[in-house]
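File shown: target.cif (mmCIF, C-alpha atoms).
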data_structure
#
loop_
_atom_site.label_atom_id
_atom_site.label_comp_id
_atom_site.auth_asym_id
_atom_site.auth_seq_id
_atom_site.Cartn_x
_atom_site.Cartn_y
_atom_site.Cartn_z
CA MET Y 20 74.67 -32.18 14.38
CA LYS Y 21 71.09 -33.33 14.95
CA LYS Y 22 70.97 -31.47 18.25
CA THR Y 23 72.24 -28.31 16.65
CA LEU Y 24 69.56 -28.54 14.00
CA GLN Y 25 66.85 -29.05 16.61
CA LEU Y 26 68.19 -26.18 18.63
CA SER Y 27 68.28 -23.86 15.68
CA LEU Y 28 64.73 -24.88 14.72
CA VAL Y 29 63.55 -24.01 18.22
CA LEU Y 30 65.42 -20.76 17.99
CA ILE Y 31 63.95 -19.92 14.63
CA ALA Y 32 60.50 -20.79 15.89
CA SER Y 33 60.94 -18.60 18.97
CA VAL Y 34 62.17 -15.71 16.90
CA LEU Y 35 59.23 -16.11 14.55
CA MET Y 36 56.79 -16.19 17.41
CA LEU Y 37 58.41 -13.22 19.05
CA GLY Y 38 58.34 -11.48 15.74
CA THR Y 39 54.63 -12.06 15.31
CA THR Y 40 53.85 -10.95 18.82
CA SER Y 41 55.84 -7.79 18.48
CA CYS Y 42 54.27 -7.21 15.08
CA LYS Y 43 50.80 -7.43 16.63
CA LYS Y 44 51.75 -4.89 19.20
CA LYS Y 45 53.03 -2.62 16.51
CA LEU Y 46 49.77 -2.66 14.47
CA LYS Y 47 48.94 0.96 14.19
CA ASP Y 48 45.49 2.24 15.06
CA ALA Y 49 45.30 3.78 11.63
CA ASP Y 50 45.93 0.42 9.96
CA ILE Y 51 43.30 -1.29 12.08
CA GLN Y 52 40.88 1.47 11.25
CA THR Y 53 41.53 1.03 7.53
CA ALA Y 54 41.01 -2.71 7.82
CA ILE Y 55 37.70 -2.21 9.63
CA GLU Y 56 36.52 0.41 7.18
CA THR Y 57 37.22 -1.93 4.29
CA VAL Y 58 35.08 -4.61 5.90
CA LEU Y 59 32.25 -2.21 6.77
CA LYS Y 60 32.12 -0.62 3.33
CA ALA Y 61 31.99 -4.00 1.63
CA ASP Y 62 28.55 -4.72 3.12
CA ALA Y 63 25.62 -2.55 2.15
CA ASP Y 64 23.99 -3.13 5.55
CA MET Y 65 27.00 -1.78 7.37
CA ALA Y 66 28.02 0.96 4.98
CA GLY Y 67 26.27 3.62 7.05
CA THR Y 68 28.60 3.13 9.99
CA THR Y 69 31.95 4.72 10.70
CA VAL Y 70 34.77 3.69 12.99
CA THR Y 71 37.61 5.26 14.91
CA VAL Y 72 40.39 3.28 16.56
CA LYS Y 73 42.46 4.39 19.52
CA ASP Y 74 44.89 2.09 21.33
CA GLY Y 75 43.20 -0.89 19.72
CA VAL Y 76 39.73 0.14 20.92
CA ALA Y 77 37.37 0.40 17.99
CA THR Y 78 34.51 2.83 18.41
CA LEU Y 79 31.65 2.29 16.00
CA SER Y 80 29.20 5.02 15.23
CA GLY Y 81 26.66 5.83 12.55
CA VAL Y 82 23.29 4.42 11.70
CA CYS Y 83 22.34 0.77 11.35
CA LYS Y 84 19.04 -0.28 9.85
CA ASP Y 85 18.20 -2.60 12.76
CA GLU Y 86 19.58 -4.38 15.84
CA THR Y 87 20.70 -7.38 13.78
CA CYS Y 88 22.80 -5.11 11.63
CA LYS Y 89 24.25 -3.47 14.71
CA SER Y 90 25.46 -6.77 16.16
CA LYS Y 91 26.62 -7.89 12.72
CA CYS Y 92 28.91 -4.85 12.61
CA GLU Y 93 30.28 -5.73 16.00
CA GLU Y 94 30.92 -9.36 15.03
CA ALA Y 95 32.68 -8.32 11.86
CA VAL Y 96 34.93 -5.85 13.67
CA LYS Y 97 35.78 -8.37 16.42
CA LYS Y 98 37.41 -10.62 13.84
CA ILE Y 99 39.82 -7.96 12.68
CA GLU Y 100 43.36 -8.33 13.89
CA GLY Y 101 44.50 -5.75 16.38
CA VAL Y 102 41.07 -4.92 17.75
CA LYS Y 103 41.20 -5.26 21.52
CA SER Y 104 37.69 -4.16 22.30
CA ILE Y 105 34.70 -2.51 20.70
CA VAL Y 106 32.54 0.37 21.75
CA ASN Y 107 29.38 0.09 19.71
CA ASN Y 108 27.75 3.50 19.54
CA CYS Y 109 25.75 2.73 16.41
CA THR Y 110 22.19 3.92 16.49
CA VAL Y 111 19.35 1.98 14.97
CA ALA Y 112 17.35 3.82 12.33
CA PRO Y 113 13.68 4.30 13.20
CA PRO Y 114 11.59 1.62 11.50
CA GLU Y 115 10.12 2.52 8.14
CA VAL Y 116 6.62 3.92 8.34
CA VAL Y 117 4.33 0.95 8.14
CA VAL Y 118 0.82 1.47 6.84
CA PRO Y 119 -1.42 0.36 9.67
CA PRO Y 120 -3.43 -2.71 8.74
CA VAL Y 121 -6.98 -1.86 7.79
CA SER Y 122 -9.12 -2.74 10.71
CA ASP Y 123 -12.63 -3.06 9.41
CA ALA Y 124 -14.80 -3.64 6.40
CA LEU Y 125 -15.16 0.05 5.54
CA SER Y 126 -11.44 0.76 5.62
CA GLN Y 127 -10.80 -2.29 3.48
CA ALA Y 128 -13.53 -1.33 1.02
CA ILE Y 129 -12.11 2.20 0.73
CA ALA Y 130 -8.65 0.79 0.09
CA ASP Y 131 -10.13 -1.46 -2.61
CA ALA Y 132 -12.05 1.39 -4.23
CA VAL Y 133 -9.02 3.69 -4.56
CA LYS Y 134 -6.50 0.97 -5.34
CA ASP Y 135 -6.42 1.82 -9.03
CA PHE Y 136 -5.90 5.53 -8.40
CA PRO Y 137 -2.42 5.57 -6.91
CA GLY Y 138 -2.19 9.37 -6.60
CA VAL Y 139 -5.05 9.44 -4.10
CA LYS Y 140 -4.49 9.22 -0.35
CA THR Y 141 -7.28 8.48 2.08
CA GLU Y 142 -7.95 9.27 5.68
CA LEU Y 143 -11.01 7.96 7.46
CA LYS Y 144 -12.19 9.49 10.70
CA ASP Y 145 -15.59 9.15 12.33
CA GLY Y 146 -17.15 8.03 9.08
CA VAL Y 147 -15.77 11.01 7.15
CA LEU Y 148 -13.36 10.15 4.37
CA THR Y 149 -10.84 12.80 3.37
CA LEU Y 150 -9.17 12.38 0.01
CA THR Y 151 -5.92 14.15 -0.74
CA GLY Y 152 -3.37 13.89 -3.50
CA GLU Y 153 -4.50 14.09 -7.08
CA ILE Y 154 -6.46 12.30 -9.75
CA GLN Y 155 -7.18 12.76 -13.43
CA ARG Y 156 -10.60 14.29 -13.98
CA ALA Y 157 -11.45 11.38 -16.30
CA SER Y 158 -10.97 8.87 -13.47
CA LEU Y 159 -12.73 10.85 -10.78
CA GLN Y 160 -16.28 9.75 -11.52
CA LYS Y 161 -15.40 6.06 -11.47
CA MET Y 162 -13.66 6.38 -8.14
CA MET Y 163 -16.43 8.50 -6.60
CA MET Y 164 -19.08 6.00 -7.74
CA GLY Y 165 -17.20 3.27 -5.95
CA LEU Y 166 -16.77 5.32 -2.78
CA ASN Y 167 -20.34 6.63 -2.65
CA ALA Y 168 -21.58 3.04 -2.66
CA LEU Y 169 -19.80 2.51 0.67
CA LYS Y 170 -22.52 4.38 2.52
CA SER Y 171 -23.94 0.98 3.34
CA LEU Y 172 -20.73 0.23 5.27
CA GLY Y 173 -21.03 3.40 7.33
CA LEU Y 174 -19.38 6.06 5.19
CA LYS Y 175 -21.07 9.39 5.95
CA LYS Y 176 -19.24 12.01 3.96
CA ILE Y 177 -16.45 12.39 1.42
CA GLU Y 178 -14.19 15.44 1.46
CA SER Y 179 -12.39 15.65 -1.85
CA ALA Y 180 -11.89 19.35 -2.60
CA GLY Y 181 -8.74 20.07 -4.58
CA LEU Y 182 -8.25 16.50 -5.72
CA VAL Y 183 -8.44 17.33 -9.40
CA LYS Y 184 -5.55 19.57 -10.36
CA LYS Y 185 -6.55 22.52 -12.45
CA MET X 25 -33.55 22.36 2.25
CA ALA X 26 -30.77 24.25 0.51
CA LEU X 27 -29.10 21.05 -0.62
CA GLN X 28 -32.30 19.68 -2.08
CA ASP X 29 -32.53 22.90 -4.08
CA LYS X 30 -28.95 22.61 -5.26
CA TYR X 31 -29.51 19.04 -6.41
CA LYS X 32 -33.12 19.51 -7.54
CA GLU X 33 -32.38 18.43 -11.12
CA LEU X 34 -30.76 15.27 -9.84
CA ILE X 35 -33.63 14.41 -7.51
CA ASP X 36 -36.22 15.13 -10.21
CA THR X 37 -34.37 12.95 -12.72
CA ALA X 38 -34.06 10.11 -10.20
CA THR X 39 -37.76 10.33 -9.41
CA ALA X 40 -38.69 10.21 -13.10
CA ALA X 41 -36.12 7.58 -14.14
CA PRO X 42 -37.42 5.62 -12.17
CA VAL X 43 -35.12 4.73 -9.35
CA VAL X 44 -36.52 1.95 -7.19
CA ASN X 45 -36.56 2.45 -3.39
CA LEU X 46 -35.49 6.05 -3.86
CA LYS X 47 -34.65 7.72 -0.58
CA VAL X 48 -33.64 11.36 -0.25
CA ARG X 49 -32.54 12.50 3.18
CA GLU X 50 -30.54 15.40 4.51
CA GLN X 51 -28.46 15.13 7.66
CA ASP X 52 -25.56 17.12 9.12
CA GLY X 53 -25.01 19.11 5.95
CA VAL X 54 -24.96 16.08 3.68
CA LEU X 55 -27.69 15.01 1.28
CA TYR X 56 -28.10 11.25 0.97
CA ILE X 57 -29.70 9.84 -2.14
CA ASP X 58 -30.11 6.08 -2.23
CA GLY X 59 -31.85 3.76 -4.61
CA GLU X 60 -31.57 1.04 -7.20
CA SER X 61 -31.55 1.48 -10.93
CA THR X 62 -29.91 0.45 -14.17
CA GLY X 63 -26.33 1.23 -15.08
CA ALA X 64 -27.51 3.77 -17.66
CA VAL X 65 -29.61 5.71 -15.14
CA LYS X 66 -26.79 5.61 -12.63
CA GLN X 67 -24.46 7.07 -15.25
CA GLN X 68 -26.99 9.78 -16.11
CA LEU X 69 -27.41 10.74 -12.44
CA TRP X 70 -23.67 10.86 -11.91
CA ASP X 71 -23.25 13.11 -14.93
CA ILE X 72 -25.86 15.48 -13.49
CA TYR X 73 -24.13 15.34 -10.11
CA GLY X 74 -20.84 16.30 -11.81
CA LYS X 75 -22.54 19.19 -13.56
CA LEU X 76 -24.21 20.59 -10.42
CA ASP X 77 -21.11 20.09 -8.28
CA PRO X 78 -18.00 20.22 -10.48
CA ASP X 79 -15.46 17.51 -9.58
CA TYR X 80 -17.79 16.35 -6.78
CA ALA X 81 -15.73 18.66 -4.60
CA SER X 82 -18.28 20.04 -2.11
CA GLY X 83 -18.67 16.91 -0.03
CA ASP X 84 -22.37 17.60 0.47
CA LEU X 85 -23.89 14.65 -1.40
CA MET X 86 -23.61 10.89 -1.09
CA LEU X 87 -25.10 9.43 -4.25
CA ASN X 88 -25.58 5.74 -3.69
CA ILE X 89 -27.31 4.34 -6.74
CA ASN X 90 -27.01 0.59 -6.82
CA SER X 91 -27.12 -0.51 -10.44
CA VAL X 92 -26.29 -4.08 -9.59
CA ALA X 93 -29.04 -4.89 -7.09
CA GLY X 94 -31.31 -6.27 -9.78
CA VAL X 95 -28.68 -8.49 -11.37
CA SER X 96 -29.39 -12.13 -10.69
CA GLU X 97 -27.16 -15.18 -10.47
CA GLY X 98 -26.09 -16.55 -13.82
CA ALA X 99 -26.25 -13.10 -15.43
CA LYS X 100 -23.65 -12.19 -18.02
CA LEU X 101 -21.28 -9.40 -17.08
CA LYS X 102 -18.90 -7.40 -19.17
CA VAL X 103 -15.46 -6.55 -17.81
CA THR X 104 -15.32 -2.74 -17.88
CA THR X 105 -11.89 -1.95 -16.56
CA ASN X 106 -10.23 1.25 -17.74
CA ARG X 107 -7.32 -0.43 -19.47
CA SER X 108 -5.98 -3.45 -17.65
CA ASN X 109 -7.27 -6.95 -17.05
CA LEU X 110 -9.63 -7.60 -14.17
CA ASN X 111 -8.18 -9.48 -11.22
CA ILE X 112 -10.00 -12.53 -9.97
CA ARG X 113 -9.18 -13.15 -6.33
CA SER X 114 -9.41 -15.95 -3.79
CA GLY X 115 -11.49 -13.83 -1.42
CA PRO X 116 -13.58 -10.62 -1.37
CA SER X 117 -10.83 -8.05 -0.83
CA THR X 118 -7.66 -6.82 -2.49
CA GLU X 119 -5.81 -8.46 0.40
CA ASP X 120 -6.68 -11.82 -1.09
CA SER X 121 -4.42 -13.36 -3.68
CA ILE X 122 -5.02 -13.14 -7.41
CA VAL X 123 -6.12 -16.48 -8.77
CA GLY X 124 -6.98 -15.44 -12.31
CA LYS X 125 -7.56 -12.62 -14.75
CA ALA X 126 -10.37 -11.63 -17.06
CA ALA X 127 -9.55 -9.56 -20.11
CA ARG X 128 -11.01 -6.11 -20.65
CA HIS X 129 -14.42 -6.39 -22.35
CA GLU X 130 -14.53 -10.15 -21.77
CA ILE X 131 -17.93 -11.54 -20.83
CA VAL X 132 -18.07 -13.45 -17.55
CA SER X 133 -20.88 -15.00 -15.49
CA LEU X 134 -22.13 -13.99 -12.07
CA VAL X 135 -22.10 -17.01 -9.78
CA ARG X 136 -23.19 -15.27 -6.60
CA LYS X 137 -22.95 -11.93 -4.84
CA GLU X 138 -20.75 -11.63 -1.79
CA ASN X 139 -21.71 -7.97 -1.27
CA ASP X 140 -22.16 -4.85 -3.38
CA GLN X 141 -18.41 -4.53 -3.84
CA TRP X 142 -17.44 -8.13 -4.52
CA TRP X 143 -19.02 -10.79 -6.69
CA PHE X 144 -18.01 -14.36 -7.27
CA ILE X 145 -17.66 -14.75 -11.02
CA LYS X 146 -16.67 -17.41 -13.51
CA THR X 147 -15.01 -16.94 -16.88
CA ASP X 148 -15.72 -19.02 -19.97
CA ALA X 149 -12.25 -20.53 -19.50
CA GLY X 150 -13.43 -21.85 -16.13
CA GLU X 151 -11.47 -19.47 -13.92
CA GLU X 152 -13.49 -18.40 -10.91
CA GLY X 153 -13.18 -16.20 -7.87
CA TYR X 154 -14.04 -12.78 -6.50
CA SER X 155 -13.93 -9.59 -8.56
CA PHE X 156 -14.66 -5.96 -7.81
CA THR X 157 -18.13 -4.98 -9.00
CA GLN X 158 -16.91 -1.51 -9.94
CA TYR X 159 -15.44 -3.11 -13.08
CA LEU X 160 -18.35 -5.39 -13.95
CA THR X 161 -21.26 -4.13 -16.00
CA PRO X 162 -24.35 -6.25 -16.55
CA VAL X 163 -24.93 -7.01 -20.22
CA GLU X 164 -28.39 -5.60 -20.78
#

Taking this structure as input, can you express it in the form of structure tokens?
Amino acid sequence: MKKTLQLSLVLIASVLMLGTTSCKKKLKDADIQTAIETVLKADADMAGTTVTVKDGVATLSGVCKDETCKSKCEEAVKKIEGVKSIVNNCTVAPPEVVVPPVSDALSQAIADAVKDFPGVKTELKDGVLTLTGEIQRASLQKMMMGLNALKSLGLKKIESAGLVKK
Amino acid sequence: MALQDKYKELIDTATAAPVVNLKVREQDGVLYIDGESTGAVKQQLWDIYGKLDPDYASGDLMLNINSVAGVSEGAKLKVTTNRSNLNIRSGPSTEDSIVGKAARHEIVSLVRKENDQWWFIKTDAGEEGYSFTQYLTPVE
């Protein structure tokens, strides 16, 4: 009786194992794809990526914000059942435009002088400052007073035509 | 000489004001007027500048009237921001962190001058640090 029980347990176990294995094999590409998409969409970092699955090979494409995000996608997809391998075709988005750090006293002083006038953009070249954007006429004098004082730091000329909107 | 003609009224007013160390020089199509004076004279000259060259748009004049050169250490200064409080910073640039604030129209003291743009000031509450001279007006 005991032996029979043991035998049947082994049998049951084998059947279960077989069952699982065959189940794995039967996971459809479409199901895997859905599972991956659910994971990708759940994370804001990875939401810009898309996936296609063929014969268990997951191909990732789309745009990631950086390399870390790209590998994070790959790690997340690896964990999903049924994925045999990954082709990571994600591209990394170009870095956001970073304002170059001001390099000298004049650039810094110009940045300070226009700080309170957020509509005004500055470009300094060979001692000539070009102002673009716009400013209220009432604020113009205050800003120009501040900028004109920067002659002592090497500012030669200020181009500001069209700054005040008519 | 064309620029000196255009800004004749300004130059004449500066000469009569008087503006100390007045220098008028023309170079590469730009007229440079430098000197030291009071805040009131500076304001008057800037108003004339705005009249002769509406919106200061021609880019042919650099009017550098220093109204703070004569201010000495210990002088009382009024905070003349447009609306907001004046930032007091740990160093002489907007890159430096804000360590305190002075209210608009509050009177503060000049401790020492770092440069024409930044002064080290102290409030009556004891807060001290660097502030932008553009928003400090000597109490005359």

Atom-to-atom span, atom CA of Ser155 of chain X and atom CA of Leu166 of chain Y, Å: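 Separation of atom CA of Ser155 of chain X and atom CA of Leu166 of chain Y: 16.2 Å.
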
Run the PyMOL selection byres ((chain X) within 6 of (chain Y)) mentally over the shown coordinates, then write out the matched residues as a CSV table (one decimal) with C-alpha atoms, in the coordinates of the input, using the chain letters and numbers from the document.
chain,number,residue,atom,x,y,z
X,81,ALA,CA,-15.7,18.7,-4.6
X,83,GLY,CA,-18.7,16.9,0.0
X,86,MET,CA,-23.6,10.9,-1.1
X,87,LEU,CA,-25.1,9.4,-4.2
X,88,ASN,CA,-25.6,5.7,-3.7
X,118,THR,CA,-7.7,-6.8,-2.5

Two-atom distance - atom CA of Ile57 of chain X, atom CA of Gly146 of chain Y (Å):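 Answer for the atom CA of Ile57 of chain X to atom CA of Gly146 of chain Y separation: 16.9 Å.
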
Near-Leu55 of chain X list (10 Å; all atoms listed in the file; drop same-chain fewer than 3 positions) as a PyMOL selection string: (chain Y and resi 175-176) or (chain X and resi 25-28+31+48-52+58+83-87)

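The residues returned by the PyMOL selection byres ((chain X and resi 34) around 10) on the shown structure are Gln28, Asp29, Lys30, Tyr31, Lys32, Glu33, Ile35, Asp36, Thr37, Ala38, Thr39, Ala40, Ile57, Gln68, Leu69, Trp70, Asp71, Ile72, Tyr73, Lys75, Leu76 and Leu87 of chain X.
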
Spatial neighbours of Ser90 of chain Y, max dist 12 Å, all atoms listed in the file, sep filter under 2 positions, as a compact mmCIF listing (two decimals) with C-alpha atoms, in the coordinates of the input:
# COMPACT_ATOMS: atom_id res chain seq x y z
CA ASP Y 64 23.99 -3.13 5.55
CA MET Y 65 27.00 -1.78 7.37
CA LEU Y 79 31.65 2.29 16.00
CA CYS Y 83 22.34 0.77 11.35
CA LYS Y 84 19.04 -0.28 9.85
CA ASP Y 85 18.20 -2.60 12.76
CA GLU Y 86 19.58 -4.38 15.84
CA THR Y 87 20.70 -7.38 13.78
CA CYS Y 88 22.80 -5.11 11.63
CA CYS Y 92 28.91 -4.85 12.61
CA GLU Y 93 30.28 -5.73 16.00
CA GLU Y 94 30.92 -9.36 15.03
CA ALA Y 95 32.68 -8.32 11.86
CA VAL Y 96 34.93 -5.85 13.67
CA LYS Y 97 35.78 -8.37 16.42
CA ILE Y 105 34.70 -2.51 20.70
CA VAL Y 106 32.54 0.37 21.75
CA ASN Y 107 29.38 0.09 19.71
CA ASN Y 108 27.75 3.50 19.54
CA CYS Y 109 25.75 2.73 16.41
CA THR Y 110 22.19 3.92 16.49
CA VAL Y 111 19.35 1.98 14.97

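Distances here use only C-alpha atoms; by that measure, the residue among X:Ser114, X:Asn109, X:Thr161, X:Ser96 closest to Arg136 of chain X is X:Ser96.
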
Target residues per the PyMOL selection byres ((chain X and resi 113) around 7), formatted as a list in words: Asn111, Ile112, Ser114, Gly115, Asp120, Ser121, Ile122, Val123, Gly124, Gly153, Tyr154 and Ser155 of chain X

Suppose we keep C-alpha atoms; can you now write the selection as a PDB file, in the coordinates of the input?
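As written to disk, selection-v3.pdb reads:
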ATOM      1  CA  ASN X 111      -8.180  -9.480 -11.220  1.00  0.00           C
ATOM      2  CA  ILE X 112     -10.000 -12.530  -9.970  1.00  0.00           C
ATOM      3  CA  SER X 114      -9.410 -15.950  -3.790  1.00  0.00           C
ATOM      4  CA  GLY X 115     -11.490 -13.830  -1.420  1.00  0.00           C
ATOM      5  CA  ASP X 120      -6.680 -11.820  -1.090  1.00  0.00           C
ATOM      6  CA  SER X 121      -4.420 -13.360  -3.680  1.00  0.00           C
ATOM      7  CA  ILE X 122      -5.020 -13.140  -7.410  1.00  0.00           C
ATOM      8  CA  VAL X 123      -6.120 -16.480  -8.770  1.00  0.00           C
ATOM      9  CA  GLY X 124      -6.980 -15.440 -12.310  1.00  0.00           C
ATOM     10  CA  GLY X 153     -13.180 -16.200  -7.870  1.00  0.00           C
ATOM     11  CA  TYR X 154     -14.040 -12.780  -6.500  1.00  0.00           C
ATOM     12  CA  SER X 155     -13.930  -9.590  -8.560  1.00  0.00           C
TER      13      SER X 155
END

Coordinates-based distance that separates atom CA of Val43 of chain X from atom CA of Trp143 of chain X (Å, one decimal):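 Computing the Euclidean distance for atom CA of Trp143 of chain X and atom CA of Val43 of chain X yields 22.5 Å.
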
Test item: which residues lie within 9 Å of (-4.5, 8.5, -3.8) counting only C-alpha atoms, as a list of chain:residue names: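 Using only C-alpha atoms, the matching residues come out as Y:Val133, Y:Lys134, Y:Asp135, Y:Phe136, Y:Pro137, Y:Gly138, Y:Val139, Y:Lys140, Y:Thr141, Y:Leu150, Y:Thr151, Y:Gly152, Y:Glu153, Y:Ile154.
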
Distance query Thr157 of chain X at most 7 Å, only C-alpha atoms, self and fewer than 4 positions along chain excluded, as a list in words: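 That gives Asp140, Gln141, Trp142 and Trp143 of chain X.
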
Keeping N, CA and C atoms, write segment 116-138 of chain X of the structure just shown out as a compact mmCIF listing (two decimals), in the first residue's frame.
# COMPACT_ATOMS: atom_id res chain seq x y z
N PRO X 116 29.41 86.30 -3.97
CA PRO X 116 29.03 87.36 -4.91
C PRO X 116 28.60 86.88 -6.28
N SER X 117 27.61 86.02 -6.35
CA SER X 117 27.03 85.64 -7.63
C SER X 117 25.72 84.91 -7.36
N THR X 118 24.88 84.85 -8.39
CA THR X 118 23.60 84.15 -8.19
C THR X 118 23.80 82.64 -8.14
N GLU X 119 25.04 82.19 -8.39
CA GLU X 119 25.34 80.77 -8.23
C GLU X 119 25.44 80.41 -6.75
N ASP X 120 25.71 81.40 -5.94
CA ASP X 120 25.86 81.12 -4.51
C ASP X 120 24.51 81.01 -3.83
N SER X 121 24.48 80.25 -2.76
CA SER X 121 23.20 79.95 -2.12
C SER X 121 22.65 81.16 -1.36
N ILE X 122 21.32 81.15 -1.24
CA ILE X 122 20.63 82.23 -0.54
C ILE X 122 20.70 81.96 0.96
N VAL X 123 21.23 82.92 1.68
CA VAL X 123 21.37 82.71 3.13
C VAL X 123 20.41 83.61 3.93
N GLY X 124 19.74 84.51 3.22
CA GLY X 124 18.80 85.38 3.92
C GLY X 124 18.03 86.23 2.94
N LYS X 125 17.10 87.00 3.45
CA LYS X 125 16.28 87.86 2.60
C LYS X 125 16.14 89.21 3.29
N ALA X 126 16.05 90.25 2.47
CA ALA X 126 15.73 91.57 3.02
C ALA X 126 14.44 92.02 2.33
N ALA X 127 13.53 92.54 3.10
CA ALA X 127 12.23 92.93 2.55
C ALA X 127 12.38 94.14 1.65
N ARG X 128 11.45 94.31 0.73
CA ARG X 128 11.42 95.48 -0.14
C ARG X 128 11.26 96.72 0.74
N HIS X 129 12.10 97.73 0.45
CA HIS X 129 12.11 99.00 1.16
C HIS X 129 12.69 98.92 2.57
N GLU X 130 13.22 97.76 2.94
CA GLU X 130 13.92 97.65 4.22
C GLU X 130 15.25 98.42 4.13
N ILE X 131 15.71 98.93 5.25
CA ILE X 131 17.00 99.62 5.27
C ILE X 131 18.07 98.66 5.81
N VAL X 132 19.14 98.51 5.03
CA VAL X 132 20.23 97.63 5.45
C VAL X 132 21.54 98.43 5.46
N SER X 133 22.59 97.83 5.99
CA SER X 133 23.88 98.54 6.07
C SER X 133 24.90 97.93 5.12
N LEU X 134 25.71 98.79 4.55
CA LEU X 134 26.80 98.33 3.70
C LEU X 134 27.99 97.96 4.60
N VAL X 135 28.43 96.73 4.51
CA VAL X 135 29.58 96.31 5.29
C VAL X 135 30.85 96.56 4.47
N ARG X 136 30.87 96.00 3.28
CA ARG X 136 31.98 96.29 2.37
C ARG X 136 31.56 95.98 0.93
N LYS X 137 32.33 96.53 -0.01
CA LYS X 137 32.01 96.34 -1.42
C LYS X 137 32.89 95.23 -1.99
N GLU X 138 32.25 94.25 -2.58
CA GLU X 138 33.01 93.21 -3.27
C GLU X 138 33.42 93.74 -4.64
